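Raw contents of data01.cif, mmCIF, C-alpha atoms:
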```
data_query
loop_
_atom_site.group_PDB
_atom_site.id
_atom_site.type_symbol
_atom_site.label_atom_id
_atom_site.label_comp_id
_atom_site.auth_asym_id
_atom_site.auth_seq_id
_atom_site.Cartn_x
_atom_site.Cartn_y
_atom_site.Cartn_z
ATOM 1 C CA LYS A 1 -12.691 -12.842 4.616
ATOM 2 C CA ALA A 2 -12.257 -9.337 6.006
ATOM 3 C CA GLY A 3 -10.800 -6.738 3.686
ATOM 4 C CA VAL A 4 -7.894 -4.401 4.181
ATOM 5 C CA THR A 5 -8.434 -2.079 7.124
ATOM 6 C CA GLN A 6 -6.753 1.231 7.767
ATOM 7 C CA THR A 7 -6.717 3.372 10.881
ATOM 8 C CA PRO A 8 -7.406 6.101 11.507
ATOM 9 C CA ARG A 9 -9.779 7.023 8.692
ATOM 10 C CA TYR A 10 -9.344 10.756 9.149
ATOM 11 C CA LEU A 11 -6.582 12.791 10.696
ATOM 12 C CA ILE A 12 -5.784 16.469 11.109
ATOM 13 C CA LYS A 13 -2.248 17.548 11.925
ATOM 14 C CA THR A 14 -0.251 20.772 11.816
ATOM 15 C CA ARG A 15 2.948 21.484 9.963
ATOM 16 C CA GLY A 16 6.033 20.062 11.593
ATOM 17 C CA GLN A 17 4.217 17.269 13.385
ATOM 18 C CA GLN A 18 4.643 13.627 12.599
ATOM 19 C CA VAL A 19 1.996 11.006 11.921
ATOM 20 C CA THR A 20 1.731 7.222 11.944
ATOM 21 C CA LEU A 21 -0.832 5.389 9.862
ATOM 22 C CA SER A 22 -1.733 1.740 10.272
ATOM 23 C CA CYS A 23 -2.780 -0.947 7.822
ATOM 24 C CA SER A 24 -4.002 -4.474 8.458
ATOM 25 C CA PRO A 25 -3.866 -6.624 5.324
ATOM 26 C CA ILE A 26 -6.248 -9.346 4.275
ATOM 27 C CA SER A 27 -5.596 -12.503 6.254
ATOM 28 C CA GLY A 28 -2.902 -14.546 4.536
ATOM 29 C CA HIS A 29 -1.552 -11.625 2.533
ATOM 30 C CA ARG A 30 2.120 -10.969 3.129
ATOM 31 C CA SER A 31 2.728 -7.983 0.890
ATOM 32 C CA VAL A 32 1.611 -4.477 1.805
ATOM 33 C CA SER A 33 2.020 -1.441 -0.422
ATOM 34 C CA TRP A 34 1.359 2.191 0.383
ATOM 35 C CA TYR A 35 0.171 4.905 -1.973
ATOM 36 C CA GLN A 36 -0.483 8.614 -1.760
ATOM 37 C CA GLN A 37 -3.458 9.980 -3.673
ATOM 38 C CA THR A 38 -3.903 13.683 -4.379
ATOM 39 C CA PRO A 39 -6.009 15.526 -6.960
ATOM 40 C CA GLY A 40 -2.907 16.984 -8.563
ATOM 41 C CA GLN A 41 -0.603 13.976 -8.649
ATOM 42 C CA GLY A 42 -3.052 11.088 -8.673
ATOM 43 C CA LEU A 43 -2.061 7.775 -7.155
ATOM 44 C CA GLN A 44 1.635 7.540 -6.418
ATOM 45 C CA PHE A 45 3.504 4.538 -5.106
ATOM 46 C CA LEU A 46 5.273 5.051 -1.776
ATOM 47 C CA PHE A 47 6.733 1.662 -0.864
ATOM 48 C CA GLU A 48 6.078 -2.049 -0.636
ATOM 49 C CA TYR A 49 6.819 -4.396 2.224
ATOM 50 C CA PHE A 50 6.991 -8.151 2.041
ATOM 51 C CA SER A 51 7.949 -10.409 4.920
ATOM 52 C CA GLU A 52 8.974 -7.413 7.027
ATOM 53 C CA THR A 53 11.391 -6.163 4.350
ATOM 54 C CA GLN A 54 10.997 -3.144 2.134
ATOM 55 C CA ARG A 55 10.964 -4.494 -1.418
ATOM 56 C CA ASN A 56 10.414 -1.331 -3.435
ATOM 57 C CA LYS A 57 10.358 2.368 -2.814
ATOM 58 C CA GLY A 58 8.810 5.193 -4.806
ATOM 59 C CA ASN A 59 10.178 8.653 -5.345
ATOM 60 C CA PHE A 60 9.327 10.235 -2.000
ATOM 61 C CA PRO A 61 11.607 12.011 0.485
ATOM 62 C CA GLY A 62 13.046 10.264 3.492
ATOM 63 C CA ARG A 63 10.383 11.858 5.709
ATOM 64 C CA PHE A 64 8.154 9.028 4.502
ATOM 65 C CA SER A 65 9.016 5.705 6.059
ATOM 66 C CA GLY A 66 7.326 2.460 6.858
ATOM 67 C CA ARG A 67 7.667 -0.897 8.431
ATOM 68 C CA GLN A 68 5.976 -4.249 8.521
ATOM 69 C CA PHE A 69 5.478 -6.529 11.458
ATOM 70 C CA SER A 70 5.673 -10.303 11.669
ATOM 71 C CA ASN A 71 1.873 -10.537 11.396
ATOM 72 C CA SER A 72 2.093 -8.575 8.096
ATOM 73 C CA ARG A 73 0.462 -5.487 9.572
ATOM 74 C CA SER A 74 2.176 -2.354 8.358
ATOM 75 C CA GLU A 75 2.636 1.203 9.496
ATOM 76 C CA MET A 76 3.802 4.246 7.615
ATOM 77 C CA ASN A 77 5.219 7.327 9.242
ATOM 78 C CA VAL A 78 5.553 10.831 7.930
ATOM 79 C CA SER A 79 7.786 13.167 9.907
ATOM 80 C CA THR A 80 7.982 16.949 9.778
ATOM 81 C CA LEU A 81 4.662 17.258 8.015
ATOM 82 C CA GLU A 82 4.251 19.782 5.222
ATOM 83 C CA LEU A 83 1.047 21.252 3.810
ATOM 84 C CA GLY A 84 1.636 19.287 0.620
ATOM 85 C CA ASP A 85 1.411 16.022 2.547
ATOM 86 C CA SER A 86 -2.349 16.457 2.774
ATOM 87 C CA ALA A 87 -3.696 13.491 0.853
ATOM 88 C CA LEU A 88 -5.511 10.197 0.955
ATOM 89 C CA TYR A 89 -3.063 7.488 1.992
ATOM 90 C CA LEU A 90 -4.012 4.094 0.674
ATOM 91 C CA CYS A 91 -2.754 0.714 1.705
ATOM 92 C CA ALA A 92 -3.051 -2.348 -0.515
ATOM 93 C CA SER A 93 -2.286 -5.967 0.258
ATOM 94 C CA SER A 94 -1.550 -8.974 -1.899
ATOM 95 C CA ARG A 95 -0.613 -12.576 -1.256
ATOM 96 C CA SER A 96 2.953 -11.979 -2.328
ATOM 97 C CA SER A 97 5.028 -9.561 -4.322
ATOM 98 C CA GLY A 98 5.176 -9.582 -8.119
ATOM 99 C CA GLN A 99 2.245 -10.223 -10.437
ATOM 100 C CA GLU A 100 -0.354 -10.385 -7.708
ATOM 101 C CA THR A 101 -3.641 -8.571 -7.443
ATOM 102 C CA GLN A 102 -3.553 -5.804 -4.876
ATOM 103 C CA TYR A 103 -6.618 -5.129 -2.771
ATOM 104 C CA PHE A 104 -7.005 -1.654 -1.352
ATOM 105 C CA GLY A 105 -8.242 -0.406 1.986
ATOM 106 C CA PRO A 106 -10.516 2.637 2.361
ATOM 107 C CA GLY A 107 -7.602 4.949 3.023
ATOM 108 C CA THR A 108 -6.650 7.467 5.671
ATOM 109 C CA ARG A 109 -7.425 11.051 4.788
ATOM 110 C CA LEU A 110 -4.738 13.317 6.229
ATOM 111 C CA LEU A 111 -5.143 17.054 6.410
ATOM 112 C CA VAL A 112 -2.120 19.137 7.333
ATOM 113 C CA LEU A 113 -2.864 22.672 8.520
ATOM 114 C CA GLY B 1 10.165 9.715 -18.770
ATOM 115 C CA GLU B 2 7.951 6.673 -18.975
ATOM 116 C CA SER B 3 4.402 7.037 -17.741
ATOM 117 C CA VAL B 4 0.963 5.554 -17.644
ATOM 118 C CA GLY B 5 -1.698 7.838 -19.027
ATOM 119 C CA LEU B 6 -5.348 7.948 -19.975
ATOM 120 C CA HIS B 7 -6.681 9.368 -23.214
ATOM 121 C CA LEU B 8 -9.831 10.948 -21.761
ATOM 122 C CA PRO B 9 -10.391 12.444 -18.341
ATOM 123 C CA THR B 10 -14.213 12.098 -18.493
ATOM 124 C CA LEU B 11 -16.669 9.795 -20.202
ATOM 125 C CA SER B 12 -20.443 10.076 -20.170
ATOM 126 C CA VAL B 13 -22.632 7.225 -21.401
ATOM 127 C CA GLN B 14 -26.294 6.345 -21.437
ATOM 128 C CA GLU B 15 -27.469 3.570 -19.142
ATOM 129 C CA GLY B 16 -27.474 0.301 -21.046
ATOM 130 C CA ASP B 17 -24.806 1.366 -23.517
ATOM 131 C CA ASN B 18 -21.342 -0.120 -23.624
ATOM 132 C CA SER B 19 -18.438 1.917 -22.229
ATOM 133 C CA ILE B 20 -14.852 1.874 -23.402
ATOM 134 C CA ILE B 21 -12.133 3.415 -21.272
ATOM 135 C CA ASN B 22 -8.670 3.695 -22.770
ATOM 136 C CA CYS B 23 -5.194 3.813 -21.353
ATOM 137 C CA ALA B 24 -1.783 4.318 -22.951
ATOM 138 C CA TYR B 25 1.422 3.084 -21.402
ATOM 139 C CA SER B 26 4.985 3.620 -22.490
ATOM 140 C CA ASN B 27 7.017 1.139 -20.456
ATOM 141 C CA SER B 28 7.458 -1.792 -22.804
ATOM 142 C CA ALA B 29 8.891 -3.821 -19.914
ATOM 143 C CA SER B 30 5.592 -3.760 -18.014
ATOM 144 C CA ASP B 31 4.150 -7.243 -17.818
ATOM 145 C CA TYR B 32 1.099 -6.914 -15.624
ATOM 146 C CA PHE B 33 -1.835 -4.534 -16.007
ATOM 147 C CA ILE B 34 -4.805 -3.889 -13.793
ATOM 148 C CA TRP B 35 -8.009 -1.883 -13.920
ATOM 149 C CA TYR B 36 -9.404 -0.396 -10.748
ATOM 150 C CA LYS B 37 -12.664 1.383 -10.002
ATOM 151 C CA GLN B 38 -12.791 4.058 -7.332
ATOM 152 C CA GLU B 39 -16.029 5.418 -5.966
ATOM 153 C CA SER B 40 -16.184 8.599 -3.966
ATOM 154 C CA GLY B 41 -14.832 8.152 -0.451
ATOM 155 C CA LYS B 42 -13.576 4.639 -1.078
ATOM 156 C CA GLY B 43 -10.326 2.970 -1.970
ATOM 157 C CA PRO B 44 -9.748 1.579 -5.467
ATOM 158 C CA GLN B 45 -11.560 -1.677 -6.138
ATOM 159 C CA PHE B 46 -9.986 -4.356 -8.331
ATOM 160 C CA ILE B 47 -11.929 -4.994 -11.524
ATOM 161 C CA ILE B 48 -9.802 -7.128 -13.805
ATOM 162 C CA ASP B 49 -6.189 -7.768 -14.663
ATOM 163 C CA ILE B 50 -4.220 -9.052 -17.609
ATOM 164 C CA ARG B 51 -0.710 -10.303 -18.081
ATOM 165 C CA SER B 52 1.463 -9.377 -21.022
ATOM 166 C CA ASN B 53 1.265 -12.860 -22.533
ATOM 167 C CA MET B 54 -2.453 -12.297 -23.192
ATOM 168 C CA ASP B 55 -4.304 -9.799 -25.368
ATOM 169 C CA LYS B 56 -7.821 -10.212 -24.025
ATOM 170 C CA ARG B 57 -9.438 -11.212 -20.799
ATOM 171 C CA GLN B 58 -13.107 -11.257 -19.886
ATOM 172 C CA GLY B 59 -14.882 -10.934 -16.589
ATOM 173 C CA GLN B 60 -18.452 -10.336 -15.614
ATOM 174 C CA ARG B 61 -19.615 -7.534 -17.932
ATOM 175 C CA VAL B 62 -16.024 -6.339 -18.324
ATOM 176 C CA THR B 63 -13.358 -7.081 -20.895
ATOM 177 C CA VAL B 64 -9.779 -5.875 -20.896
ATOM 178 C CA LEU B 65 -7.861 -5.651 -24.159
ATOM 179 C CA LEU B 66 -4.102 -5.311 -24.345
ATOM 180 C CA ASN B 67 -2.339 -4.198 -27.509
ATOM 181 C CA LYS B 68 1.368 -4.444 -26.865
ATOM 182 C CA THR B 69 2.257 -3.222 -30.343
ATOM 183 C CA VAL B 70 0.877 0.244 -29.655
ATOM 184 C CA LYS B 71 1.122 -0.013 -25.860
ATOM 185 C CA HIS B 72 -2.594 0.426 -25.344
ATOM 186 C CA LEU B 73 -4.959 -0.972 -22.742
ATOM 187 C CA SER B 74 -8.722 -0.681 -22.730
ATOM 188 C CA LEU B 75 -11.574 -1.576 -20.430
ATOM 189 C CA GLN B 76 -14.926 -2.381 -21.939
ATOM 190 C CA ILE B 77 -18.013 -2.392 -19.741
ATOM 191 C CA ALA B 78 -21.103 -3.991 -21.231
ATOM 192 C CA ALA B 79 -24.599 -2.680 -20.502
ATOM 193 C CA THR B 80 -23.313 0.123 -18.309
ATOM 194 C CA GLN B 81 -25.341 0.697 -15.146
ATOM 195 C CA PRO B 82 -25.635 3.711 -12.831
ATOM 196 C CA GLY B 83 -23.575 1.796 -10.271
ATOM 197 C CA ASP B 84 -20.691 1.805 -12.716
ATOM 198 C CA SER B 85 -20.288 5.561 -12.276
ATOM 199 C CA ALA B 86 -16.849 6.056 -10.747
ATOM 200 C CA VAL B 87 -13.264 6.923 -11.592
ATOM 201 C CA TYR B 88 -11.449 4.158 -13.417
ATOM 202 C CA PHE B 89 -7.680 3.752 -13.188
ATOM 203 C CA CYS B 90 -5.369 1.622 -15.213
ATOM 204 C CA ALA B 91 -2.176 0.508 -13.544
ATOM 205 C CA GLU B 92 0.954 -1.241 -14.700
ATOM 206 C CA LYS B 93 3.576 -3.191 -12.905
ATOM 207 C CA GLY B 94 6.992 -2.763 -14.436
ATOM 208 C CA ASN B 95 10.339 -4.421 -14.170
ATOM 209 C CA ASN B 96 11.110 -2.737 -10.860
ATOM 210 C CA ASN B 97 7.894 -4.185 -9.458
ATOM 211 C CA ASP B 98 6.253 -0.928 -8.378
ATOM 212 C CA MET B 99 2.693 -0.196 -9.421
ATOM 213 C CA ARG B 100 2.154 2.932 -11.515
ATOM 214 C CA PHE B 101 -1.306 4.376 -12.031
ATOM 215 C CA GLY B 102 -2.820 6.456 -14.784
ATOM 216 C CA ALA B 103 -4.543 9.748 -14.073
ATOM 217 C CA GLY B 104 -8.004 8.184 -14.063
ATOM 218 C CA THR B 105 -11.164 8.552 -16.169
ATOM 219 C CA ARG B 106 -14.421 9.651 -14.589
ATOM 220 C CA LEU B 107 -17.290 7.595 -15.968
ATOM 221 C CA THR B 108 -20.767 9.069 -15.607
ATOM 222 C CA VAL B 109 -23.778 6.960 -16.471
ATOM 223 C CA LYS B 110 -26.900 8.883 -17.433
ATOM 224 C CA PRO B 111 -30.257 7.241 -16.654
#
```
As structure tokens:
Amino acid sequence: KAGVTQTPRYLIKTRGQQVTLSCSPISGHRSVSWYQQTPGQGLQFLFEYFSETQRNKGNFPGRFSGRQFSNSRSEMNVSTLELGDSALYLCASSRSSGQETQYFGPGTRLLVL
Amino acid sequence: GESVGLHLPTLSVQEGDNSIINCAYSNSASDYFIWYKQESGKGPQFIIDIRSNMDKRQGQRVTVLLNKTVKHLSLQIAATQPGDSAVYFCAEKGNNNDMRFGAGTRLTVKP
């Protein structure tokens, strides 16, 4: 079974731009969660989607948004990019929400200049 | 506020020795705990999990121990190998269902 895939793997943007990242979960997984990983803050939860609905949201500003499609694929969008948004963005999928093992993709490394 | 934290940021062990990585958590409502391994340039890889109704769970060469009394989680790796060198994260899932990660411990295995 193919793992979680994320595109693109690397991205360079400038301040003020917006970016869309994509995540394809493991086949059969309906829950997708997004995380931001930085050296200073570690792994921080952004949001979780299940059956096209946002189930949980972390403590991030409204510039960070996401959505999930009927095939469980998910996208996250960051608008008005700031230098501090430079990070590794990780997507994880699980069969459902709750006490389920999450499997991570390789991440998208975003650099904001 | 409540947080998930690790006692040690780095751990260096000799190949073949056993490794113990510790994690403290403070949210007594957390009921699901996971250990992940992250190698350079890769996403976190699931190692083992444990639910709050258990105090020990074993996998292949790994054992997770949960002590709810002192809110402590540990990962034991038997016969540590060079391929075990990575950053290890503990994570908890609380009552609001979001996953919270510890800071991570870098394990280095010396040949």
Check which residues of range 17-102 of chain B sit at most 12 Å from range 30-41 of chain A using all atoms listed in the file, and return one row each with the closest pair of atoms and their distance in Å to one decimal, ordered by chain and rising number, as a tab-separated table.
```
residue	atom	partner	partner_atom	distance
B:Gln38	CA	A:Gln37	CA	11.6
B:Gly41	CA	A:Gln37	CA	12.0
B:Lys42	CA	A:Gln37	CA	11.7
B:Gly43	CA	A:Gln37	CA	10.0
B:Pro44	CA	A:Gln37	CA	10.6
B:Asn97	CA	A:Ser33	CA	11.1
B:Asp98	CA	A:Ser33	CA	9.0
B:Met99	CA	A:Ser33	CA	9.1
B:Arg100	CA	A:Tyr35	CA	9.9
B:Phe101	CA	A:Tyr35	CA	10.2
B:Gly102	CA	A:Gln41	CA	10.0
```
Would you write out, as a PyMOL selection string, every residue that the PyMOL selection byres ((chain A) within 12 of (chain B)) captures in this file? chain A and resi 3-6+9-10+32-49+54-59+88-94+96-109
Original post:
Mind pulling up the distance from CA of Ser40 in chain B to CA of Leu110 in chain A?
Top reply: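 Interatomic distance, CA of Leu110 in chain A to CA of Ser40 in chain B: 16.0 Å.
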What's around range 12-22 of chain A at 6 Å? Count all atoms listed in the file, leave out sequence neighbours fewer than 2 positions away in its own chain, and write the answer as a list of chain:residue names.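 Surrounding residues, per the criterion: A:Gln6, A:Thr7, A:Ser74, A:Glu75, A:Met76, A:Asn77, A:Val78, A:Ser79, A:Thr80, A:Leu81, A:Glu82, A:Leu110, A:Leu111, A:Val112, A:Leu113.
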I need the output of the PyMOL selection byres ((chain B and resi 9) around 12) for this file as an NGL selection string; which residues are they?
:B and (5-8 or 10-12 or 21-23 or 86-89 or 102-108)
For His72 in chain B, find every residue with an atom within 7 Å (counting only C-alpha atoms), except residues of its own chain fewer than 5 positions away, and show them as number ranges by chain. B: 23-25, 66-67
- Task: Kindly give the distance, in Å, that separates CA of Gln81 in chain B and CA of Arg57 in chain B, rounded to a single decimal.
- Result: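 So the answer is 20.7 Å.
For the structure shown here, the set of residues caught by the PyMOL selection byres ((chain A and resi 70) around 10) is Arg30, Phe50, Ser51, Glu52, Gln68, Phe69, Asn71, Ser72, Arg73 and Ser74 of chain A.
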Since fewer atoms than expected are present, regenerate N, CA and C atoms for range 75-105 of chain A and write them as a PDB file, keeping the file's coordinate frame.
```pdb
ATOM      1  N   GLU A  75       2.818  -0.192   9.126  1.00  0.00           N
ATOM      2  CA  GLU A  75       2.636   1.203   9.496  1.00  0.00           C
ATOM      3  C   GLU A  75       3.471   2.064   8.564  1.00  0.00           C
ATOM      4  N   MET A  76       2.968   3.271   8.299  1.00  0.00           N
ATOM      5  CA  MET A  76       3.802   4.246   7.615  1.00  0.00           C
ATOM      6  C   MET A  76       3.851   5.501   8.474  1.00  0.00           C
ATOM      7  N   ASN A  77       4.978   6.146   8.428  1.00  0.00           N
ATOM      8  CA  ASN A  77       5.219   7.327   9.242  1.00  0.00           C
ATOM      9  C   ASN A  77       5.649   8.484   8.347  1.00  0.00           C
ATOM     10  N   VAL A  78       5.105   9.629   8.621  1.00  0.00           N
ATOM     11  CA  VAL A  78       5.553  10.831   7.930  1.00  0.00           C
ATOM     12  C   VAL A  78       6.007  11.824   8.998  1.00  0.00           C
ATOM     13  N   SER A  79       7.257  12.226   8.913  1.00  0.00           N
ATOM     14  CA  SER A  79       7.786  13.167   9.907  1.00  0.00           C
ATOM     15  C   SER A  79       7.816  14.573   9.320  1.00  0.00           C
ATOM     16  N   THR A  80       7.891  15.549  10.175  1.00  0.00           N
ATOM     17  CA  THR A  80       7.982  16.949   9.778  1.00  0.00           C
ATOM     18  C   THR A  80       6.976  17.252   8.660  1.00  0.00           C
ATOM     19  N   LEU A  81       5.723  17.117   8.999  1.00  0.00           N
ATOM     20  CA  LEU A  81       4.662  17.258   8.015  1.00  0.00           C
ATOM     21  C   LEU A  81       4.681  18.615   7.319  1.00  0.00           C
ATOM     22  N   GLU A  82       4.380  18.574   6.029  1.00  0.00           N
ATOM     23  CA  GLU A  82       4.251  19.782   5.222  1.00  0.00           C
ATOM     24  C   GLU A  82       2.808  19.857   4.699  1.00  0.00           C
ATOM     25  N   LEU A  83       2.408  21.075   4.321  1.00  0.00           N
ATOM     26  CA  LEU A  83       1.047  21.252   3.810  1.00  0.00           C
ATOM     27  C   LEU A  83       0.771  20.316   2.633  1.00  0.00           C
ATOM     28  N   GLY A  84       1.788  20.128   1.805  1.00  0.00           N
ATOM     29  CA  GLY A  84       1.636  19.287   0.620  1.00  0.00           C
ATOM     30  C   GLY A  84       1.471  17.808   0.919  1.00  0.00           C
ATOM     31  N   ASP A  85       1.610  17.433   2.182  1.00  0.00           N
ATOM     32  CA  ASP A  85       1.411  16.022   2.547  1.00  0.00           C
ATOM     33  C   ASP A  85      -0.067  15.700   2.733  1.00  0.00           C
ATOM     34  N   SER A  86      -0.914  16.704   2.683  1.00  0.00           N
ATOM     35  CA  SER A  86      -2.349  16.457   2.774  1.00  0.00           C
ATOM     36  C   SER A  86      -2.771  15.580   1.596  1.00  0.00           C
ATOM     37  N   ALA A  87      -3.376  14.461   1.898  1.00  0.00           N
ATOM     38  CA  ALA A  87      -3.696  13.491   0.853  1.00  0.00           C
ATOM     39  C   ALA A  87      -4.493  12.346   1.439  1.00  0.00           C
ATOM     40  N   LEU A  88      -4.930  11.474   0.546  1.00  0.00           N
ATOM     41  CA  LEU A  88      -5.511  10.197   0.955  1.00  0.00           C
ATOM     42  C   LEU A  88      -4.396   9.161   0.863  1.00  0.00           C
ATOM     43  N   TYR A  89      -4.106   8.510   1.971  1.00  0.00           N
ATOM     44  CA  TYR A  89      -3.063   7.488   1.992  1.00  0.00           C
ATOM     45  C   TYR A  89      -3.726   6.123   1.954  1.00  0.00           C
ATOM     46  N   LEU A  90      -3.385   5.390   0.915  1.00  0.00           N
ATOM     47  CA  LEU A  90      -4.012   4.094   0.674  1.00  0.00           C
ATOM     48  C   LEU A  90      -3.022   2.971   0.904  1.00  0.00           C
ATOM     49  N   CYS A  91      -3.531   1.923   1.478  1.00  0.00           N
ATOM     50  CA  CYS A  91      -2.754   0.714   1.705  1.00  0.00           C
ATOM     51  C   CYS A  91      -3.378  -0.384   0.858  1.00  0.00           C
ATOM     52  N   ALA A  92      -2.551  -1.222   0.277  1.00  0.00           N
ATOM     53  CA  ALA A  92      -3.051  -2.348  -0.515  1.00  0.00           C
ATOM     54  C   ALA A  92      -2.282  -3.599  -0.130  1.00  0.00           C
ATOM     55  N   SER A  93      -2.978  -4.720  -0.074  1.00  0.00           N
ATOM     56  CA  SER A  93      -2.286  -5.967   0.258  1.00  0.00           C
ATOM     57  C   SER A  93      -2.446  -6.975  -0.868  1.00  0.00           C
ATOM     58  N   SER A  94      -1.494  -7.882  -0.942  1.00  0.00           N
ATOM     59  CA  SER A  94      -1.550  -8.974  -1.899  1.00  0.00           C
ATOM     60  C   SER A  94      -0.903 -10.190  -1.260  1.00  0.00           C
ATOM     61  N   ARG A  95      -1.138 -11.346  -1.866  1.00  0.00           N
ATOM     62  CA  ARG A  95      -0.613 -12.576  -1.256  1.00  0.00           C
ATOM     63  C   ARG A  95       0.910 -12.549  -1.200  1.00  0.00           C
ATOM     64  N   SER A  96       1.498 -12.085  -2.308  1.00  0.00           N
ATOM     65  CA  SER A  96       2.953 -11.979  -2.328  1.00  0.00           C
ATOM     66  C   SER A  96       3.313 -10.815  -3.220  1.00  0.00           C
ATOM     67  N   SER A  97       4.577 -10.634  -3.451  1.00  0.00           N
ATOM     68  CA  SER A  97       5.028  -9.561  -4.322  1.00  0.00           C
ATOM     69  C   SER A  97       4.960 -10.044  -5.764  1.00  0.00           C
ATOM     70  N   GLY A  98       5.201  -9.179  -6.722  1.00  0.00           N
ATOM     71  CA  GLY A  98       5.176  -9.582  -8.119  1.00  0.00           C
ATOM     72  C   GLY A  98       3.804  -9.437  -8.750  1.00  0.00           C
ATOM     73  N   GLN A  99       3.494 -10.308  -9.678  1.00  0.00           N
ATOM     74  CA  GLN A  99       2.245 -10.223 -10.437  1.00  0.00           C
ATOM     75  C   GLN A  99       1.073 -10.739  -9.614  1.00  0.00           C
ATOM     76  N   GLU A 100       0.739 -10.009  -8.585  1.00  0.00           N
ATOM     77  CA  GLU A 100      -0.354 -10.385  -7.708  1.00  0.00           C
ATOM     78  C   GLU A 100      -1.354  -9.248  -7.635  1.00  0.00           C
ATOM     79  N   THR A 101      -2.608  -9.585  -7.573  1.00  0.00           N
ATOM     80  CA  THR A 101      -3.641  -8.571  -7.443  1.00  0.00           C
ATOM     81  C   THR A 101      -3.532  -7.888  -6.091  1.00  0.00           C
ATOM     82  N   GLN A 102      -3.578  -6.581  -6.108  1.00  0.00           N
ATOM     83  CA  GLN A 102      -3.553  -5.804  -4.876  1.00  0.00           C
ATOM     84  C   GLN A 102      -4.966  -5.366  -4.524  1.00  0.00           C
ATOM     85  N   TYR A 103      -5.309  -5.525  -3.270  1.00  0.00           N
ATOM     86  CA  TYR A 103      -6.618  -5.129  -2.771  1.00  0.00           C
ATOM     87  C   TYR A 103      -6.437  -3.954  -1.818  1.00  0.00           C
ATOM     88  N   PHE A 104      -7.196  -2.899  -2.077  1.00  0.00           N
ATOM     89  CA  PHE A 104      -7.005  -1.654  -1.352  1.00  0.00           C
ATOM     90  C   PHE A 104      -7.920  -1.531  -0.138  1.00  0.00           C
ATOM     91  N   GLY A 105      -7.425  -0.811   0.862  1.00  0.00           N
ATOM     92  CA  GLY A 105      -8.242  -0.406   1.986  1.00  0.00           C
ATOM     93  C   GLY A 105      -8.957   0.888   1.663  1.00  0.00           C
TER      94      GLY A 105
END
```
